[in-house]
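Asks: Provided herewith: work_21.pdb, PDB, C-alpha atoms, pLDDT in the B column.
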ATOM      1  CA  MET O 277      11.483  29.243   4.967  1.00 70.00           C
ATOM      2  CA  GLU O 278      13.543  29.647   1.787  1.00 89.00           C
ATOM      3  CA  PRO O 279      15.306  26.522   0.453  1.00 86.00           C
ATOM      4  CA  GLU O 280      18.795  28.030   0.883  1.00 90.00           C
ATOM      5  CA  LYS O 281      18.010  29.000   4.487  1.00 92.00           C
ATOM      6  CA  ILE O 282      16.790  25.475   5.227  1.00 93.00           C
ATOM      7  CA  LYS O 283      19.914  23.958   3.699  1.00 93.00           C
ATOM      8  CA  GLU O 284      22.104  26.351   5.714  1.00 93.00           C
ATOM      9  CA  SER O 285      20.284  25.463   8.942  1.00 95.00           C
ATOM     10  CA  ILE O 286      20.825  21.734   8.267  1.00 95.00           C
ATOM     11  CA  ILE O 287      24.521  22.291   7.615  1.00 94.00           C
ATOM     12  CA  ARG O 288      24.945  24.566  10.632  1.00 94.00           C
ATOM     13  CA  ALA O 289      23.185  22.073  12.950  1.00 95.00           C
ATOM     14  CA  ALA O 290      25.119  19.097  11.586  1.00 94.00           C
ATOM     15  CA  LYS O 291      28.431  20.939  11.813  1.00 91.00           C
ATOM     16  CA  GLU O 292      27.841  21.752  15.469  1.00 93.00           C
ATOM     17  CA  LEU O 293      26.756  18.199  16.322  1.00 93.00           C
ATOM     18  CA  PHE O 294      29.563  16.524  14.358  1.00 87.00           C
ATOM     19  CA  ARG O 295      32.121  18.678  16.164  1.00 85.00           C
ATOM     20  CA  LYS O 296      30.598  17.990  19.549  1.00 88.00           C
ATOM     21  CA  TYR O 297      29.794  14.264  19.241  1.00 86.00           C
ATOM     22  CA  GLY O 298      31.491  13.109  16.034  1.00 81.00           C
ATOM     23  CA  TYR O 299      29.901  12.011  12.795  1.00 81.00           C
ATOM     24  CA  HIS O 300      29.227   8.424  13.879  1.00 80.00           C
ATOM     25  CA  LYS O 301      27.448   9.363  17.116  1.00 85.00           C
ATOM     26  CA  THR O 302      25.209  12.005  15.508  1.00 90.00           C
ATOM     27  CA  SER O 303      21.890  10.844  14.070  1.00 93.00           C
ATOM     28  CA  VAL O 304      19.792  12.430  11.348  1.00 95.00           C
ATOM     29  CA  ASN O 305      17.042  12.814  13.963  1.00 96.00           C
ATOM     30  CA  GLU O 306      19.372  14.900  16.132  1.00 96.00           C
ATOM     31  CA  ILE O 307      20.333  17.082  13.172  1.00 96.00           C
ATOM     32  CA  ALA O 308      16.652  17.641  12.335  1.00 95.00           C
ATOM     33  CA  LYS O 309      15.848  18.497  15.946  1.00 96.00           C
ATOM     34  CA  LYS O 310      18.768  20.936  16.179  1.00 96.00           C
ATOM     35  CA  ALA O 311      17.800  22.557  12.835  1.00 95.00           C
ATOM     36  CA  ARG O 312      14.138  22.663  13.948  1.00 94.00           C
ATOM     37  CA  ILE O 313      12.879  20.847  10.889  1.00 95.00           C
ATOM     38  CA  ALA O 314      11.370  17.450  10.118  1.00 94.00           C
ATOM     39  CA  LYS O 315      13.733  14.549   9.425  1.00 94.00           C
ATOM     40  CA  ALA O 316      12.149  14.149   5.963  1.00 94.00           C
ATOM     41  CA  THR O 317      13.167  17.724   5.140  1.00 94.00           C
ATOM     42  CA  ILE O 318      16.823  16.772   5.475  1.00 94.00           C
ATOM     43  CA  TYR O 319      16.338  14.060   2.850  1.00 95.00           C
ATOM     44  CA  LYS O 320      14.744  16.626   0.539  1.00 94.00           C
ATOM     45  CA  TYR O 321      18.112  18.447   0.427  1.00 94.00           C
ATOM     46  CA  PHE O 322      20.597  15.628   1.071  1.00 94.00           C
ATOM     47  CA  GLU O 323      20.385  11.941   0.155  1.00 92.00           C
ATOM     48  CA  SER O 324      22.179  10.895   3.331  1.00 89.00           C
ATOM     49  CA  LYS O 325      23.975  12.040   6.460  1.00 89.00           C
ATOM     50  CA  GLU O 326      27.167  11.326   4.524  1.00 85.00           C
ATOM     51  CA  GLN O 327      26.207  13.961   1.927  1.00 89.00           C
ATOM     52  CA  VAL O 328      25.644  16.493   4.699  1.00 92.00           C
ATOM     53  CA  LEU O 329      29.139  15.759   5.993  1.00 87.00           C
ATOM     54  CA  ASP O 330      30.548  15.993   2.479  1.00 85.00           C
ATOM     55  CA  ALA O 331      28.985  19.455   2.002  1.00 89.00           C
ATOM     56  CA  ILE O 332      30.369  20.633   5.350  1.00 88.00           C
ATOM     57  CA  LEU O 333      33.870  19.352   4.667  1.00 83.00           C
ATOM     58  CA  MET O 334      34.134  20.676   1.131  1.00 82.00           C
ATOM     59  CA  ASP O 335      32.862  24.128   2.175  1.00 85.00           C
ATOM     60  CA  TYR O 336      35.298  24.166   5.079  1.00 83.00           C
ATOM     61  CA  LEU O 337      38.219  23.024   2.944  1.00 80.00           C
ATOM     62  CA  ASP O 338      37.402  25.413   0.109  1.00 80.00           C
ATOM     63  CA  LEU O 339      37.160  28.404   2.429  1.00 82.00           C
ATOM     64  CA  ASN O 340      40.351  27.573   4.324  1.00 82.00           C
ATOM     65  CA  LEU O 341      42.296  26.599   1.233  1.00 78.00           C
ATOM     66  CA  HIS O 342      41.571  29.911  -0.424  1.00 76.00           C
ATOM     67  CA  GLU O 343      42.657  31.703   2.747  1.00 78.00           C
ATOM     68  CA  ILE O 344      45.929  29.751   2.704  1.00 75.00           C
ATOM     69  CA  LEU O 345      46.524  30.561  -0.943  1.00 73.00           C
ATOM     70  CA  LYS O 346      45.687  34.251  -0.487  1.00 74.00           C
ATOM     71  CA  ASN O 347      48.404  34.587   2.151  1.00 71.00           C
ATOM     72  CA  LYS O 348      51.300  35.604  -0.045  1.00 66.00           C
ATOM     73  CA  ALA O 349      54.139  35.381   2.426  1.00 69.00           C
ATOM     74  CA  GLN O 350      57.594  35.877   0.988  1.00 73.00           C
ATOM     75  CA  PHE O 351      59.557  32.726   0.283  1.00 73.00           C
ATOM     76  CA  ALA O 352      63.087  32.314  -0.989  1.00 75.00           C
ATOM     77  CA  ASN O 353      61.807  30.438  -4.052  1.00 79.00           C
ATOM     78  CA  GLU O 354      58.817  28.598  -5.436  1.00 78.00           C
ATOM     79  CA  GLU O 355      60.062  25.306  -3.989  1.00 83.00           C
ATOM     80  CA  GLU O 356      59.872  26.717  -0.436  1.00 84.00           C
ATOM     81  CA  HIS O 357      56.488  28.261  -1.214  1.00 81.00           C
ATOM     82  CA  LEU O 358      55.117  24.944  -2.489  1.00 82.00           C
ATOM     83  CA  LYS O 359      56.461  23.034   0.538  1.00 86.00           C
ATOM     84  CA  ALA O 360      54.752  25.523   2.863  1.00 84.00           C
ATOM     85  CA  LEU O 361      51.469  25.258   0.957  1.00 82.00           C
ATOM     86  CA  VAL O 362      51.520  21.466   0.959  1.00 84.00           C
ATOM     87  CA  MET O 363      52.178  21.348   4.708  1.00 85.00           C
ATOM     88  CA  LYS O 364      49.367  23.802   5.427  1.00 82.00           C
ATOM     89  CA  THR O 365      46.894  21.912   3.274  1.00 79.00           C
ATOM     90  CA  CYS O 366      47.959  18.537   4.724  1.00 79.00           C
ATOM     91  CA  ARG O 367      47.403  19.864   8.231  1.00 79.00           C
ATOM     92  CA  LEU O 368      44.067  21.304   7.160  1.00 78.00           C
ATOM     93  CA  THR O 369      43.008  17.932   5.744  1.00 74.00           C
ATOM     94  CA  TYR O 370      44.020  16.112   8.898  1.00 75.00           C
ATOM     95  CA  THR O 371      42.242  18.670  11.088  1.00 76.00           C
ATOM     96  CA  VAL O 372      39.041  18.354   9.097  1.00 73.00           C
ATOM     97  CA  CYS O 373      38.959  14.588   9.464  1.00 70.00           C
ATOM     98  CA  ASN O 374      39.851  14.795  13.129  1.00 70.00           C
ATOM     99  CA  GLU O 375      37.376  17.558  13.921  1.00 71.00           C
ATOM    100  CA  PHE O 376      34.303  16.437  11.997  1.00 68.00           C
ATOM    101  CA  ILE O 377      34.575  12.684  11.566  1.00 67.00           C
ATOM    102  CA  GLY O 378      36.778  11.327  14.325  1.00 64.00           C
ATOM    103  CA  TRP O 379      39.623   8.944  13.624  1.00 59.00           C
ATOM    104  CA  ASP O 380      38.207   6.164  15.803  1.00 61.00           C
ATOM    105  CA  PHE O 381      35.184   5.941  13.537  1.00 60.00           C
ATOM    106  CA  VAL O 382      37.336   6.168  10.413  1.00 59.00           C
ATOM    107  CA  ARG O 383      39.621   3.357  11.562  1.00 58.00           C
ATOM    108  CA  GLU O 384      36.808   1.056  12.711  1.00 59.00           C
ATOM    109  CA  ASN O 385      34.127   1.477  10.056  1.00 60.00           C
ATOM    110  CA  ALA O 386      34.441  -0.168   6.637  1.00 62.00           C
ATOM    111  CA  ASN O 387      31.955   2.283   5.073  1.00 65.00           C
ATOM    112  CA  SER O 388      34.094   5.222   6.161  1.00 64.00           C
ATOM    113  CA  GLN O 389      36.926   3.989   3.927  1.00 67.00           C
ATOM    114  CA  GLU O 390      34.798   4.470   0.807  1.00 72.00           C
ATOM    115  CA  PHE O 391      33.620   7.871   2.018  1.00 70.00           C
ATOM    116  CA  LEU O 392      37.195   8.973   2.732  1.00 69.00           C
ATOM    117  CA  LYS O 393      38.285   7.806  -0.708  1.00 72.00           C
ATOM    118  CA  HIS O 394      35.562   9.964  -2.244  1.00 74.00           C
ATOM    119  CA  LEU O 395      36.460  12.907   0.005  1.00 73.00           C
ATOM    120  CA  SER O 396      40.127  12.416  -0.777  1.00 73.00           C
ATOM    121  CA  ASP O 397      39.461  12.508  -4.530  1.00 79.00           C
ATOM    122  CA  GLN O 398      37.352  15.653  -4.175  1.00 79.00           C
ATOM    123  CA  LEU O 399      40.040  17.275  -2.064  1.00 76.00           C
ATOM    124  CA  GLU O 400      42.708  16.411  -4.597  1.00 78.00           C
ATOM    125  CA  SER O 401      40.632  18.012  -7.364  1.00 82.00           C
ATOM    126  CA  LEU O 402      39.972  21.106  -5.245  1.00 79.00           C
ATOM    127  CA  LEU O 403      43.663  21.461  -4.368  1.00 78.00           C
ATOM    128  CA  LEU O 404      44.796  20.972  -7.942  1.00 80.00           C
ATOM    129  CA  SER O 405      42.438  23.617  -9.315  1.00 81.00           C
ATOM    130  CA  ALA O 406      43.352  26.050  -6.518  1.00 78.00           C
ATOM    131  CA  TYR O 407      47.102  25.495  -6.893  1.00 77.00           C
ATOM    132  CA  LEU O 408      46.870  25.922 -10.661  1.00 78.00           C
ATOM    133  CA  GLU O 409      45.725  29.486  -9.993  1.00 78.00           C
ATOM    134  CA  LEU O 410      49.089  30.286  -8.394  1.00 74.00           C
ATOM    135  CA  ASP O 411      51.339  32.346 -10.650  1.00 72.00           C
ATOM    136  CA  HIS O 412      54.159  29.804 -10.986  1.00 69.00           C
ATOM    137  CA  PHE O 413      51.683  27.136 -12.144  1.00 73.00           C
ATOM    138  CA  LYS O 414      49.330  29.363 -14.108  1.00 75.00           C
ATOM    139  CA  ASN O 415      52.276  30.630 -16.141  1.00 75.00           C
ATOM    140  CA  ASN O 416      53.630  27.131 -16.689  1.00 76.00           C
ATOM    141  CA  PRO O 417      50.764  24.683 -17.417  1.00 71.00           C
ATOM    142  CA  SER O 418      53.199  21.866 -18.196  1.00 76.00           C
ATOM    143  CA  ARG O 419      53.727  21.519 -14.447  1.00 78.00           C
ATOM    144  CA  LYS O 420      50.174  20.300 -13.880  1.00 81.00           C
ATOM    145  CA  GLU O 421      51.222  16.634 -14.025  1.00 84.00           C
ATOM    146  CA  GLY O 422      53.993  17.131 -11.460  1.00 85.00           C
ATOM    147  CA  LEU O 423      51.639  19.034  -9.185  1.00 84.00           C
ATOM    148  CA  ALA O 424      49.017  16.297  -9.464  1.00 85.00           C
ATOM    149  CA  PHE O 425      51.689  13.757  -8.464  1.00 87.00           C
ATOM    150  CA  LEU O 426      52.759  15.899  -5.482  1.00 86.00           C
ATOM    151  CA  LEU O 427      49.197  16.311  -4.215  1.00 84.00           C
ATOM    152  CA  LYS O 428      48.295  12.639  -4.650  1.00 84.00           C
ATOM    153  CA  ALA O 429      51.480  11.445  -2.919  1.00 87.00           C
ATOM    154  CA  SER O 430      51.196  13.955  -0.070  1.00 85.00           C
ATOM    155  CA  LYS O 431      47.539  13.156   0.473  1.00 79.00           C
ATOM    156  CA  SER O 432      48.224   9.410   0.544  1.00 80.00           C
ATOM    157  CA  ILE O 433      51.044   9.806   3.032  1.00 81.00           C
ATOM    158  CA  VAL O 434      49.049  12.062   5.359  1.00 77.00           C
ATOM    159  CA  PHE O 435      46.058   9.728   5.320  1.00 73.00           C
ATOM    160  CA  SER O 436      48.284   6.717   5.933  1.00 75.00           C
ATOM    161  CA  PHE O 437      49.877   8.118   9.057  1.00 72.00           C
ATOM    162  CA  ALA O 438      46.530   9.407  10.253  1.00 66.00           C
ATOM    163  CA  PHE O 439      45.230   5.827  10.117  1.00 66.00           C
ATOM    164  CA  THR O 440      48.240   4.314  11.832  1.00 70.00           C
ATOM    165  CA  SER O 441      48.983   6.914  14.515  1.00 65.00           C
ATOM    166  CA  VAL O 442      47.892   6.093  18.022  1.00 66.00           C
ATOM    167  CA  SER O 443      48.172   9.550  19.593  1.00 73.00           C
ATOM    168  CA  ASP O 444      48.366  13.222  18.671  1.00 73.00           C
ATOM    169  CA  SER O 445      52.086  13.196  19.463  1.00 81.00           C
ATOM    170  CA  ASP O 446      52.531  10.382  16.900  1.00 81.00           C
ATOM    171  CA  VAL O 447      50.749  12.541  14.343  1.00 77.00           C
ATOM    172  CA  ARG O 448      53.001  15.517  15.120  1.00 80.00           C
ATOM    173  CA  LYS O 449      56.096  13.332  14.766  1.00 86.00           C
ATOM    174  CA  ASN O 450      54.805  11.999  11.456  1.00 84.00           C
ATOM    175  CA  PHE O 451      54.137  15.521  10.156  1.00 83.00           C
ATOM    176  CA  VAL O 452      57.660  16.598  11.120  1.00 87.00           C
ATOM    177  CA  SER O 453      59.138  13.506   9.504  1.00 88.00           C
ATOM    178  CA  PHE O 454      57.066  14.040   6.364  1.00 87.00           C
ATOM    179  CA  GLN O 455      58.084  17.698   6.178  1.00 88.00           C
ATOM    180  CA  LYS O 456      61.805  17.051   6.648  1.00 91.00           C
ATOM    181  CA  GLU O 457      62.360  13.693   4.992  1.00 90.00           C
ATOM    182  CA  LEU O 458      59.786  13.213   2.227  1.00 89.00           C
ATOM    183  CA  LEU O 459      58.289  16.529   1.175  1.00 90.00           C
ATOM    184  CA  PRO O 460      61.494  18.062  -0.220  1.00 91.00           C
ATOM    185  CA  PHE O 461      61.870  15.128  -2.628  1.00 90.00           C
ATOM    186  CA  LEU O 462      58.204  15.216  -3.636  1.00 88.00           C
ATOM    187  CA  VAL O 463      58.372  18.950  -4.342  1.00 89.00           C
ATOM    188  CA  LYS O 464      61.564  18.563  -6.410  1.00 88.00           C
ATOM    189  CA  ALA O 465      59.853  15.827  -8.426  1.00 85.00           C
ATOM    190  CA  ALA O 466      56.811  18.074  -8.966  1.00 82.00           C
ATOM    191  CA  LEU O 467      58.860  21.004 -10.200  1.00 79.00           C
TER     192      LEU O 467
END
Let me see the structure of the file written as structure tokens.
Replies:
Amino acid sequence: MEPEKIKESIIRAAKELFRKYGYHKTSVNEIAKKARIAKATIYKYFESKEQVLDAILMDYLDLNLHEILKNKAQFANEEEHLKALVMKTCRLTYTVCNEFIGWDFVRENANSQEFLKHLSDQLESLLLSAYLELDHFKNNPSRKEGLAFLLKASKSIVFSFAFTSVSDSDVRKNFVSFQKELLPFLVKAAL
């Protein structure tokens, strides 16, 4: 089998198992069995199960982020557009962590904190480069610093309420509160 096909089969198998059982409860042996390859083959392409998860999440985020950015809905102004984009990407980030990792594991495992920090930094870089392709940032590069601040602050806030929320309804309330009470000020500061 071609190397790219093997890598795709590992990612596809892991994605299915992580969604079904969560990252923590899925073993490398189970991924290998599902992909119909030897466990050692996984380590030929990925150093760890964590790297497999990282590849899945970044592909998922990249694909969905570009879909969000391609949707050029009409907004009254760039401030409203930016608020809508930040909310969509914050929800996407939360969904990814919820769907593939599982918040129970994230909250209970010390190693997951380091992984999430790494993921969070990658996400911030991905968002910044994608947002800088938008017309109102591409045509005004001096806004990069404000945009970086907005993304870092939004990301930190979303991750903080994800860690402290007990239920999905708490998360929804926190998103609404963030959208109404904090995001307008962050966007103004970014612009």
Asks: Report as a PyMOL selection string all protein, DNA and RNA residues lying within 9 Å of stretch 423-435 of chain O, evaluated on only C-alpha atoms, omitting residues in the same chain fewer than 4 positions from it.
Replies: chain O and resi 362-363+366-367+369-370+396-397+399-401+403-404+407-408+413+419+439-440+450-451+454+458-459+462-463+465-467
Asks: Using only C-alpha atoms, please write the residues we just selected to a file, as a PDB file, in the frame of the given file.
Replies:
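Output file result_37.pdb is given in full below:
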ATOM      1  CA  VAL O 362      51.520  21.466   0.959  1.00 84.00           C
ATOM      2  CA  MET O 363      52.178  21.348   4.708  1.00 85.00           C
ATOM      3  CA  CYS O 366      47.959  18.537   4.724  1.00 79.00           C
ATOM      4  CA  ARG O 367      47.403  19.864   8.231  1.00 79.00           C
ATOM      5  CA  THR O 369      43.008  17.932   5.744  1.00 74.00           C
ATOM      6  CA  TYR O 370      44.020  16.112   8.898  1.00 75.00           C
ATOM      7  CA  SER O 396      40.127  12.416  -0.777  1.00 73.00           C
ATOM      8  CA  ASP O 397      39.461  12.508  -4.530  1.00 79.00           C
ATOM      9  CA  LEU O 399      40.040  17.275  -2.064  1.00 76.00           C
ATOM     10  CA  GLU O 400      42.708  16.411  -4.597  1.00 78.00           C
ATOM     11  CA  SER O 401      40.632  18.012  -7.364  1.00 82.00           C
ATOM     12  CA  LEU O 403      43.663  21.461  -4.368  1.00 78.00           C
ATOM     13  CA  LEU O 404      44.796  20.972  -7.942  1.00 80.00           C
ATOM     14  CA  TYR O 407      47.102  25.495  -6.893  1.00 77.00           C
ATOM     15  CA  LEU O 408      46.870  25.922 -10.661  1.00 78.00           C
ATOM     16  CA  PHE O 413      51.683  27.136 -12.144  1.00 73.00           C
ATOM     17  CA  ARG O 419      53.727  21.519 -14.447  1.00 78.00           C
ATOM     18  CA  PHE O 439      45.230   5.827  10.117  1.00 66.00           C
ATOM     19  CA  THR O 440      48.240   4.314  11.832  1.00 70.00           C
ATOM     20  CA  ASN O 450      54.805  11.999  11.456  1.00 84.00           C
ATOM     21  CA  PHE O 451      54.137  15.521  10.156  1.00 83.00           C
ATOM     22  CA  PHE O 454      57.066  14.040   6.364  1.00 87.00           C
ATOM     23  CA  LEU O 458      59.786  13.213   2.227  1.00 89.00           C
ATOM     24  CA  LEU O 459      58.289  16.529   1.175  1.00 90.00           C
ATOM     25  CA  LEU O 462      58.204  15.216  -3.636  1.00 88.00           C
ATOM     26  CA  VAL O 463      58.372  18.950  -4.342  1.00 89.00           C
ATOM     27  CA  ALA O 465      59.853  15.827  -8.426  1.00 85.00           C
ATOM     28  CA  ALA O 466      56.811  18.074  -8.966  1.00 82.00           C
ATOM     29  CA  LEU O 467      58.860  21.004 -10.200  1.00 79.00           C
TER      30      LEU O 467
END
Asks: Between atom CA of O:Lys301 and atom CA of O:Ile286, what is the spacing in Å?
Replies: 16.6 Å
Asks: Please compute the atom CA of O:Thr365-atom CA of O:Leu402 distance, one decimal, in Å.
Replies: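 For atom CA of O:Thr365 relative to atom CA of O:Leu402, the distance reads 11.0 Å.
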Asks: Going by the chain IDs and residue numbers used in this file, which residues fall under the PyMOL selection byres ((chain O and resi 344) around 12)? Write them as a list in words.
Replies: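 Applying the expression gives Leu337, Asp338, Leu339, Asn340, Leu341, His342, Glu343, Leu345, Lys346, Asn347, Lys348, Ala349, His357, Leu358, Ala360, Leu361, Val362, Met363, Lys364, Thr365, Cys366, Arg367, Leu368, Leu403, Ala406, Tyr407 and Leu410 of chain O.
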Asks: Evaluated on this file, the PyMOL selection byres ((chain O and resi 290) around 10) picks out some residues - which ones are they, written as JSON, numbers by chain?
Replies: {"O": [284, 285, 286, 287, 288, 289, 291, 292, 293, 294, 295, 296, 298, 299, 302, 303, 304, 306, 307, 308, 310, 311, 325, 328, 329, 332, 376]}
Asks: Do you have the atom CA of O:Leu333-atom CA of O:Gln350 distance handy?
Replies: 29.1 Å
Asks: Using only C-alpha atoms, can you tell me which of O:Glu390, O:Pro460, O:Glu355, O:Asn374 comes closest to O:Ser443?
Replies: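 Checking each candidate against O:Ser443, we get O:Asn374 as the closest.
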Asks: Have a look at O:Lys414, O:Lys420, O:Lys393, O:Lys359 and name the one nearest to O:Lys456; count all atoms listed in the file.
Replies: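 Result for the nearest residue to O:Lys456: O:Lys359.
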Asks: Have a look at O:Asn416, O:Asn305, O:Gln398, O:Thr371 and name the one nearest to O:Ile318; count all atoms listed in the file.
Replies: O:Asn305
Asks: When you count only C-alpha atoms, which of these residues is closest to O:Asp330: O:Val372, O:Glu356, O:Phe461, O:Glu280?
Replies: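 Ranking O:Val372, O:Glu356, O:Phe461, O:Glu280 by distance to O:Asp330, first place goes to O:Val372.
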